[in-house]
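Heads up, start-v1.txt below (compact mmCIF, N, CA and C atoms):
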```txt
# COMPACT_ATOMS: atom_id res chain seq x y z
N MET A 1 -7.97 128.93 115.75
CA MET A 1 -6.62 128.73 116.26
C MET A 1 -5.81 129.99 116.03
N ASN A 2 -5.15 130.46 117.06
CA ASN A 2 -4.26 131.61 116.98
C ASN A 2 -2.82 131.14 117.09
N ILE A 3 -1.95 131.78 116.33
CA ILE A 3 -0.52 131.52 116.42
C ILE A 3 0.16 132.88 116.48
N SER A 4 1.06 133.06 117.45
CA SER A 4 1.77 134.32 117.60
C SER A 4 3.25 134.09 117.82
N SER A 5 4.05 135.00 117.29
CA SER A 5 5.49 134.95 117.56
C SER A 5 5.80 135.90 118.71
N ILE A 6 6.75 135.48 119.52
CA ILE A 6 7.16 136.25 120.69
C ILE A 6 8.66 136.52 120.58
N VAL A 7 9.05 137.77 120.82
CA VAL A 7 10.46 138.11 120.92
C VAL A 7 10.77 138.23 122.41
N VAL A 8 11.67 137.37 122.86
CA VAL A 8 12.08 137.35 124.26
C VAL A 8 13.46 137.99 124.34
N GLN A 9 13.63 138.87 125.32
CA GLN A 9 14.94 139.51 125.52
C GLN A 9 15.47 139.11 126.89
N THR A 10 16.72 138.67 126.91
CA THR A 10 17.42 138.37 128.14
C THR A 10 18.83 138.93 128.03
N SER A 11 19.55 138.92 129.11
CA SER A 11 20.95 139.32 129.08
C SER A 11 21.74 138.24 128.35
N PRO A 12 22.72 138.63 127.54
CA PRO A 12 23.53 137.62 126.86
C PRO A 12 24.13 136.58 127.82
N ASN A 13 24.37 136.97 129.07
CA ASN A 13 24.92 136.04 130.06
C ASN A 13 23.95 134.91 130.41
N TYR A 14 22.66 135.14 130.23
CA TYR A 14 21.64 134.16 130.59
C TYR A 14 20.94 133.53 129.39
N THR A 15 21.39 133.82 128.20
CA THR A 15 20.70 133.32 127.00
C THR A 15 20.55 131.81 127.02
N ASP A 16 21.64 131.08 127.27
CA ASP A 16 21.57 129.62 127.25
C ASP A 16 20.58 129.09 128.28
N GLU A 17 20.57 129.69 129.46
CA GLU A 17 19.66 129.26 130.52
C GLU A 17 18.20 129.50 130.13
N VAL A 18 17.91 130.67 129.57
CA VAL A 18 16.53 130.99 129.17
C VAL A 18 16.11 130.13 127.98
N VAL A 19 17.00 129.92 127.02
CA VAL A 19 16.69 129.05 125.88
C VAL A 19 16.34 127.66 126.38
N GLU A 20 17.10 127.15 127.32
CA GLU A 20 16.82 125.81 127.86
C GLU A 20 15.46 125.77 128.56
N ALA A 21 15.14 126.81 129.31
CA ALA A 21 13.83 126.86 129.98
C ALA A 21 12.69 126.90 128.96
N ILE A 22 12.89 127.65 127.90
CA ILE A 22 11.87 127.73 126.84
C ILE A 22 11.71 126.39 126.14
N LYS A 23 12.82 125.74 125.84
CA LYS A 23 12.76 124.43 125.18
C LYS A 23 12.05 123.40 126.05
N ASN A 24 12.17 123.52 127.37
CA ASN A 24 11.53 122.58 128.28
C ASN A 24 10.09 122.93 128.60
N ALA A 25 9.64 124.12 128.23
CA ALA A 25 8.26 124.54 128.49
C ALA A 25 7.33 123.84 127.50
N ASP A 26 6.18 123.43 127.98
CA ASP A 26 5.23 122.74 127.12
C ASP A 26 4.19 123.68 126.50
N TYR A 27 4.39 124.98 126.63
CA TYR A 27 3.41 125.93 126.14
C TYR A 27 3.96 126.88 125.07
N CYS A 28 5.20 126.65 124.62
CA CYS A 28 5.76 127.48 123.56
C CYS A 28 6.80 126.67 122.78
N ASP A 29 7.13 127.17 121.60
CA ASP A 29 8.10 126.50 120.74
C ASP A 29 9.27 127.43 120.46
N TYR A 30 10.47 126.96 120.75
CA TYR A 30 11.71 127.69 120.49
C TYR A 30 12.06 127.61 119.00
N HIS A 31 12.56 128.72 118.44
CA HIS A 31 12.98 128.72 117.04
C HIS A 31 14.44 129.08 116.87
N PHE A 32 14.89 130.19 117.42
CA PHE A 32 16.31 130.54 117.36
C PHE A 32 16.60 131.70 118.30
N HIS A 33 17.89 131.99 118.46
CA HIS A 33 18.33 133.12 119.29
C HIS A 33 19.61 133.69 118.71
N ASP A 34 19.99 134.87 119.22
CA ASP A 34 21.25 135.47 118.77
C ASP A 34 22.15 135.77 119.96
N GLU A 35 23.32 136.28 119.66
CA GLU A 35 24.32 136.55 120.70
C GLU A 35 23.96 137.74 121.59
N LYS A 36 22.95 138.51 121.20
CA LYS A 36 22.52 139.67 122.00
C LYS A 36 21.44 139.31 123.01
N GLY A 37 21.04 138.04 123.06
CA GLY A 37 20.04 137.61 124.03
C GLY A 37 18.61 137.69 123.53
N ARG A 38 18.43 137.84 122.23
CA ARG A 38 17.08 137.85 121.66
C ARG A 38 16.71 136.43 121.26
N ILE A 39 15.52 136.01 121.68
CA ILE A 39 15.06 134.65 121.44
C ILE A 39 13.70 134.72 120.77
N ILE A 40 13.50 133.91 119.74
CA ILE A 40 12.23 133.89 119.01
C ILE A 40 11.50 132.60 119.34
N VAL A 41 10.26 132.74 119.80
CA VAL A 41 9.41 131.59 120.09
C VAL A 41 8.03 131.81 119.48
N THR A 42 7.25 130.76 119.38
CA THR A 42 5.85 130.89 118.98
C THR A 42 4.98 130.24 120.04
N ILE A 43 3.76 130.75 120.12
CA ILE A 43 2.76 130.17 120.99
C ILE A 43 1.49 129.97 120.17
N GLU A 44 0.68 129.03 120.59
CA GLU A 44 -0.60 128.77 119.95
C GLU A 44 -1.68 128.79 121.01
N GLY A 45 -2.89 129.13 120.59
CA GLY A 45 -4.00 129.10 121.52
C GLY A 45 -5.33 129.12 120.80
N ALA A 46 -6.35 128.66 121.50
CA ALA A 46 -7.69 128.66 120.93
C ALA A 46 -8.21 130.09 120.79
N GLY A 47 -7.69 130.98 121.60
CA GLY A 47 -8.09 132.39 121.56
C GLY A 47 -7.03 133.28 122.18
N VAL A 48 -7.30 134.56 122.19
CA VAL A 48 -6.34 135.54 122.71
C VAL A 48 -6.04 135.30 124.18
N GLU A 49 -7.07 134.96 124.97
CA GLU A 49 -6.87 134.75 126.40
C GLU A 49 -5.83 133.66 126.67
N GLU A 50 -5.92 132.56 125.92
CA GLU A 50 -4.96 131.47 126.10
C GLU A 50 -3.55 131.92 125.71
N GLU A 51 -3.45 132.70 124.63
CA GLU A 51 -2.14 133.19 124.22
C GLU A 51 -1.55 134.14 125.26
N ILE A 52 -2.37 135.01 125.82
CA ILE A 52 -1.89 135.96 126.84
C ILE A 52 -1.39 135.20 128.07
N THR A 53 -2.11 134.15 128.46
CA THR A 53 -1.69 133.34 129.60
C THR A 53 -0.30 132.75 129.36
N LYS A 54 -0.07 132.26 128.15
CA LYS A 54 1.24 131.68 127.81
C LYS A 54 2.31 132.76 127.73
N LEU A 55 1.97 133.93 127.19
CA LEU A 55 2.92 135.04 127.13
C LEU A 55 3.36 135.45 128.53
N VAL A 56 2.42 135.54 129.45
CA VAL A 56 2.75 135.92 130.83
C VAL A 56 3.68 134.89 131.47
N LYS A 57 3.47 133.60 131.19
CA LYS A 57 4.37 132.57 131.72
C LYS A 57 5.80 132.79 131.23
N ILE A 58 5.93 133.17 129.97
CA ILE A 58 7.26 133.45 129.42
C ILE A 58 7.86 134.68 130.10
N GLN A 59 7.06 135.72 130.26
CA GLN A 59 7.52 136.95 130.89
C GLN A 59 7.99 136.71 132.33
N GLU A 60 7.39 135.73 132.99
CA GLU A 60 7.72 135.45 134.38
C GLU A 60 8.90 134.50 134.55
N MET A 61 9.46 133.99 133.45
CA MET A 61 10.63 133.12 133.55
C MET A 61 11.82 133.88 134.12
N ALA A 62 12.65 133.17 134.86
CA ALA A 62 13.85 133.78 135.42
C ALA A 62 14.73 134.34 134.31
N HIS A 63 15.25 135.54 134.54
CA HIS A 63 16.20 136.22 133.67
C HIS A 63 15.59 136.77 132.37
N VAL A 64 14.28 136.71 132.22
CA VAL A 64 13.64 137.32 131.06
C VAL A 64 13.44 138.80 131.36
N ILE A 65 14.00 139.65 130.52
CA ILE A 65 13.86 141.09 130.66
C ILE A 65 12.54 141.55 130.07
N ALA A 66 12.21 141.02 128.90
CA ALA A 66 10.97 141.38 128.22
C ALA A 66 10.57 140.25 127.29
N ALA A 67 9.27 140.11 127.07
CA ALA A 67 8.73 139.16 126.10
C ALA A 67 7.48 139.80 125.52
N ASP A 68 7.51 140.04 124.23
CA ASP A 68 6.41 140.76 123.58
C ASP A 68 5.97 140.05 122.31
N MET A 69 4.65 140.09 122.06
CA MET A 69 4.13 139.54 120.82
C MET A 69 4.62 140.40 119.67
N SER A 70 5.05 139.74 118.62
CA SER A 70 5.53 140.46 117.46
C SER A 70 4.55 140.35 116.30
N PHE A 71 4.13 139.14 116.00
CA PHE A 71 3.17 138.89 114.94
C PHE A 71 2.11 137.92 115.44
N ALA A 72 0.89 138.06 114.94
CA ALA A 72 -0.19 137.16 115.33
C ALA A 72 -1.00 136.78 114.10
N TYR A 73 -1.51 135.56 114.13
CA TYR A 73 -2.34 135.05 113.04
C TYR A 73 -3.53 134.34 113.66
N SER A 74 -4.70 134.67 113.17
CA SER A 74 -5.92 134.02 113.64
C SER A 74 -6.73 133.58 112.44
N GLU A 75 -6.76 132.29 112.21
CA GLU A 75 -7.50 131.74 111.06
C GLU A 75 -8.99 132.03 111.18
N ASP A 76 -9.54 131.92 112.39
CA ASP A 76 -10.97 132.18 112.58
C ASP A 76 -11.32 133.62 112.25
N GLU A 77 -10.51 134.56 112.70
CA GLU A 77 -10.78 135.97 112.41
C GLU A 77 -10.68 136.25 110.92
N LEU A 78 -9.72 135.65 110.25
CA LEU A 78 -9.59 135.83 108.81
C LEU A 78 -10.84 135.35 108.10
N ASN A 79 -11.32 134.16 108.47
CA ASN A 79 -12.52 133.62 107.84
C ASN A 79 -13.75 134.47 108.14
N GLU A 80 -13.86 134.99 109.37
CA GLU A 80 -14.98 135.86 109.73
C GLU A 80 -14.98 137.13 108.89
N GLU A 81 -13.82 137.72 108.69
CA GLU A 81 -13.73 138.95 107.89
C GLU A 81 -14.06 138.67 106.43
N ARG A 82 -13.63 137.54 105.91
CA ARG A 82 -14.00 137.17 104.54
C ARG A 82 -15.51 137.01 104.41
N ASP A 83 -16.13 136.37 105.41
CA ASP A 83 -17.58 136.19 105.39
C ASP A 83 -18.30 137.54 105.41
N LYS A 84 -17.80 138.49 106.21
CA LYS A 84 -18.40 139.82 106.27
C LYS A 84 -18.34 140.51 104.91
N LEU A 85 -17.22 140.40 104.24
CA LEU A 85 -17.08 141.01 102.91
C LEU A 85 -18.08 140.41 101.93
N GLU A 86 -18.22 139.10 101.98
CA GLU A 86 -19.14 138.43 101.07
C GLU A 86 -20.59 138.82 101.36
N LEU A 87 -20.97 138.90 102.65
CA LEU A 87 -22.32 139.28 103.02
C LEU A 87 -22.62 140.72 102.62
N ALA A 88 -21.63 141.57 102.66
CA ALA A 88 -21.82 142.98 102.30
C ALA A 88 -21.86 143.17 100.79
N GLY A 89 -21.62 142.08 100.05
CA GLY A 89 -21.63 142.19 98.60
C GLY A 89 -20.33 142.73 98.03
N THR A 90 -19.33 142.84 98.87
CA THR A 90 -18.03 143.33 98.42
C THR A 90 -17.29 142.16 97.79
N GLU A 91 -16.83 142.35 96.59
CA GLU A 91 -16.12 141.29 95.90
C GLU A 91 -14.72 141.15 96.47
N ILE A 92 -14.37 139.94 96.81
CA ILE A 92 -13.03 139.65 97.31
C ILE A 92 -12.13 139.46 96.10
N PRO A 93 -11.04 140.22 96.03
CA PRO A 93 -10.12 140.05 94.89
C PRO A 93 -9.63 138.61 94.80
N ALA A 94 -9.58 138.07 93.61
CA ALA A 94 -9.19 136.68 93.40
C ALA A 94 -7.82 136.38 93.99
N TRP A 95 -6.90 137.34 93.94
CA TRP A 95 -5.55 137.07 94.42
C TRP A 95 -5.51 136.80 95.92
N LEU A 96 -6.53 137.25 96.69
CA LEU A 96 -6.54 136.96 98.12
C LEU A 96 -6.72 135.47 98.41
N ASN A 97 -7.33 134.76 97.49
CA ASN A 97 -7.51 133.32 97.66
C ASN A 97 -6.48 132.51 96.89
N ASP A 98 -5.53 133.19 96.28
CA ASP A 98 -4.49 132.52 95.49
C ASP A 98 -3.28 132.26 96.38
N GLU A 99 -2.99 131.00 96.63
CA GLU A 99 -1.86 130.68 97.51
C GLU A 99 -0.52 131.07 96.93
N ASN A 100 -0.48 131.38 95.64
CA ASN A 100 0.76 131.80 95.00
C ASN A 100 0.89 133.32 94.89
N ALA A 101 -0.08 134.04 95.46
CA ALA A 101 -0.07 135.50 95.39
C ALA A 101 1.14 136.06 96.15
N THR A 102 1.63 137.20 95.68
CA THR A 102 2.76 137.87 96.34
C THR A 102 2.36 139.28 96.68
N LYS A 103 3.21 139.97 97.38
CA LYS A 103 2.95 141.36 97.74
C LYS A 103 2.81 142.25 96.50
N HIS A 104 3.36 141.82 95.40
CA HIS A 104 3.29 142.60 94.16
C HIS A 104 1.90 142.58 93.54
N ASP A 105 1.04 141.66 94.01
CA ASP A 105 -0.33 141.57 93.50
C ASP A 105 -1.26 142.61 94.14
N ILE A 106 -0.80 143.28 95.18
CA ILE A 106 -1.62 144.27 95.88
C ILE A 106 -1.64 145.56 95.06
N VAL A 107 -2.86 146.05 94.81
CA VAL A 107 -3.03 147.29 94.07
C VAL A 107 -3.31 148.41 95.07
N TYR A 108 -2.48 149.42 95.08
CA TYR A 108 -2.63 150.56 95.96
C TYR A 108 -3.55 151.57 95.31
N ASN A 109 -4.61 151.97 96.04
CA ASN A 109 -5.60 152.88 95.47
C ASN A 109 -5.61 154.25 96.13
N GLY A 110 -4.54 154.65 96.70
CA GLY A 110 -4.47 156.02 97.25
C GLY A 110 -4.41 156.06 98.76
N ASP A 111 -4.33 157.26 99.27
CA ASP A 111 -4.17 157.54 100.69
C ASP A 111 -5.53 157.49 101.39
N LEU A 112 -5.67 156.65 102.39
CA LEU A 112 -6.94 156.53 103.11
C LEU A 112 -7.25 157.75 103.97
N LYS A 113 -6.24 158.42 104.48
CA LYS A 113 -6.52 159.54 105.38
C LYS A 113 -7.23 160.69 104.67
N ASP A 114 -7.08 160.79 103.38
CA ASP A 114 -7.77 161.85 102.64
C ASP A 114 -9.24 161.49 102.37
N ARG A 115 -9.63 160.26 102.64
CA ARG A 115 -11.00 159.81 102.36
C ARG A 115 -11.92 160.02 103.55
N PHE A 116 -11.41 160.32 104.72
CA PHE A 116 -12.25 160.43 105.90
C PHE A 116 -12.23 161.81 106.49
```
Mind turning this structure into structure tokens?
Amino acid sequence: MNISSIVVQTSPNYTDEVVEAIKNADYCDYHFHDEKGRIIVTIEGAGVEEEITKLVKIQEMAHVIAADMSFAYSEDELNEERDKLELAGTEIPAWLNDENATKHDIVYNGDLKDRF
């Protein structure tokens, strides 16, 4: 399952109309908007193709200037990458499986560009 957030931009004059269209759409979920015409929605899909189809529907709505994916989450991809690490014998840090972990638990080990 994939979940992605979309930032939709419309003219402030059409914000209410676009928000209403988004709320009535059965392929995305409205979350909030601001006075500048920025609207935040999420979409879900079994894969990227399904998400792209839904994104294009949003982009094609009347008065939408732009609609772009901002963040994406794929549970299947996360699990596949964890499996790859385990098969390679790479130890997964315990904090990655700790639901209470924070960004402060990440240990920075230097600049990657100097390693290649």
message = If I take atom CA of Ala62 of chain A and atom CA of Asp29 of chain A, how far is one from the other in Å, to one decimal?
response =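 Computing it gives 17.4 Å between the two atoms.
Distance-wise, atom CA of Tyr73 of chain A and atom C of Val19 of chain A end up 24.1 Å apart.
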ask   = What separation in Å, quoted to one decimal, exists between atom C of Val41 of chain A and atom N of Lys103 of chain A?
value =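 About the pair atom C of Val41 of chain A and atom N of Lys103 of chain A: they are 24.0 Å apart.
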key: Protein, DNA and RNA residues within 5 Å of (8.0, 140.7, 121.8), only N, CA and C atoms, as a list in words   = Ile6, Val7, Ala67, Asp68, Met69 and Ser70 of chain A
Produce a file of the selected residues containing N, CA and C atoms, as a PDB file, in the frame of the given file.
```
ATOM      1  N   ILE A   6       6.750 135.480 119.520  1.00  0.00           N
ATOM      2  CA  ILE A   6       7.160 136.250 120.690  1.00  0.00           C
ATOM      3  C   ILE A   6       8.660 136.520 120.580  1.00  0.00           C
ATOM      4  N   VAL A   7       9.050 137.770 120.820  1.00  0.00           N
ATOM      5  CA  VAL A   7      10.460 138.110 120.920  1.00  0.00           C
ATOM      6  C   VAL A   7      10.770 138.230 122.410  1.00  0.00           C
ATOM      7  N   ALA A  67       9.270 140.110 127.070  1.00  0.00           N
ATOM      8  CA  ALA A  67       8.730 139.160 126.100  1.00  0.00           C
ATOM      9  C   ALA A  67       7.480 139.800 125.520  1.00  0.00           C
ATOM     10  N   ASP A  68       7.510 140.040 124.230  1.00  0.00           N
ATOM     11  CA  ASP A  68       6.410 140.760 123.580  1.00  0.00           C
ATOM     12  C   ASP A  68       5.970 140.050 122.310  1.00  0.00           C
ATOM     13  N   MET A  69       4.650 140.090 122.060  1.00  0.00           N
ATOM     14  CA  MET A  69       4.130 139.540 120.820  1.00  0.00           C
ATOM     15  C   MET A  69       4.620 140.400 119.670  1.00  0.00           C
ATOM     16  N   SER A  70       5.050 139.740 118.620  1.00  0.00           N
ATOM     17  CA  SER A  70       5.530 140.460 117.460  1.00  0.00           C
ATOM     18  C   SER A  70       4.550 140.350 116.300  1.00  0.00           C
TER      19      SER A  70
END
```
message = Which of chain A end up as helix (DSSP H, G or I) when DSSP is run on this backbone - answer as a ChimeraX atom specification?
response = /A:12-24,48-59,75-87,94-97,103-105,112-115
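For Glu44 of chain A, the residues within 6.5 Å (counting all atoms listed in the file, excluding itself and residues fewer than 6 positions away along the chain) are Asn2, Ile3, Ser4, Tyr27, Cys28, Glu50 and Glu51 of chain A.
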What does the file look like for those residues with N, CA and C atoms, as a tab-separated table (two decimals), in the coordinates of the input?
```tsv
chain	number	residue	atom	x	y	z
A	2	ASN	N	-5.15	130.46	117.06
A	2	ASN	CA	-4.26	131.61	116.98
A	2	ASN	C	-2.82	131.14	117.09
A	3	ILE	N	-1.95	131.78	116.33
A	3	ILE	CA	-0.52	131.52	116.42
A	3	ILE	C	0.16	132.88	116.48
A	4	SER	N	1.06	133.06	117.45
A	4	SER	CA	1.77	134.32	117.60
A	4	SER	C	3.25	134.09	117.82
A	27	TYR	N	4.39	124.98	126.63
A	27	TYR	CA	3.41	125.93	126.14
A	27	TYR	C	3.96	126.88	125.07
A	28	CYS	N	5.20	126.65	124.62
A	28	CYS	CA	5.76	127.48	123.56
A	28	CYS	C	6.80	126.67	122.78
A	50	GLU	N	-5.92	132.56	125.92
A	50	GLU	CA	-4.96	131.47	126.10
A	50	GLU	C	-3.55	131.92	125.71
A	51	GLU	N	-3.45	132.70	124.63
A	51	GLU	CA	-2.14	133.19	124.22
A	51	GLU	C	-1.55	134.14	125.26
```
ask   = Which one of A:Leu96, A:Ile106, A:Ile58, A:Ile43 sits closest to Ile22 of chain A if you count all atoms listed in the file?
value = A:Ile58
inquiry  = My list of candidates is A:His104, A:Asn24, A:Thr10, A:Ala46. Which is closest to Ala66 of chain A when distances are computed with all atoms listed in the file?
reply    = A:Thr10
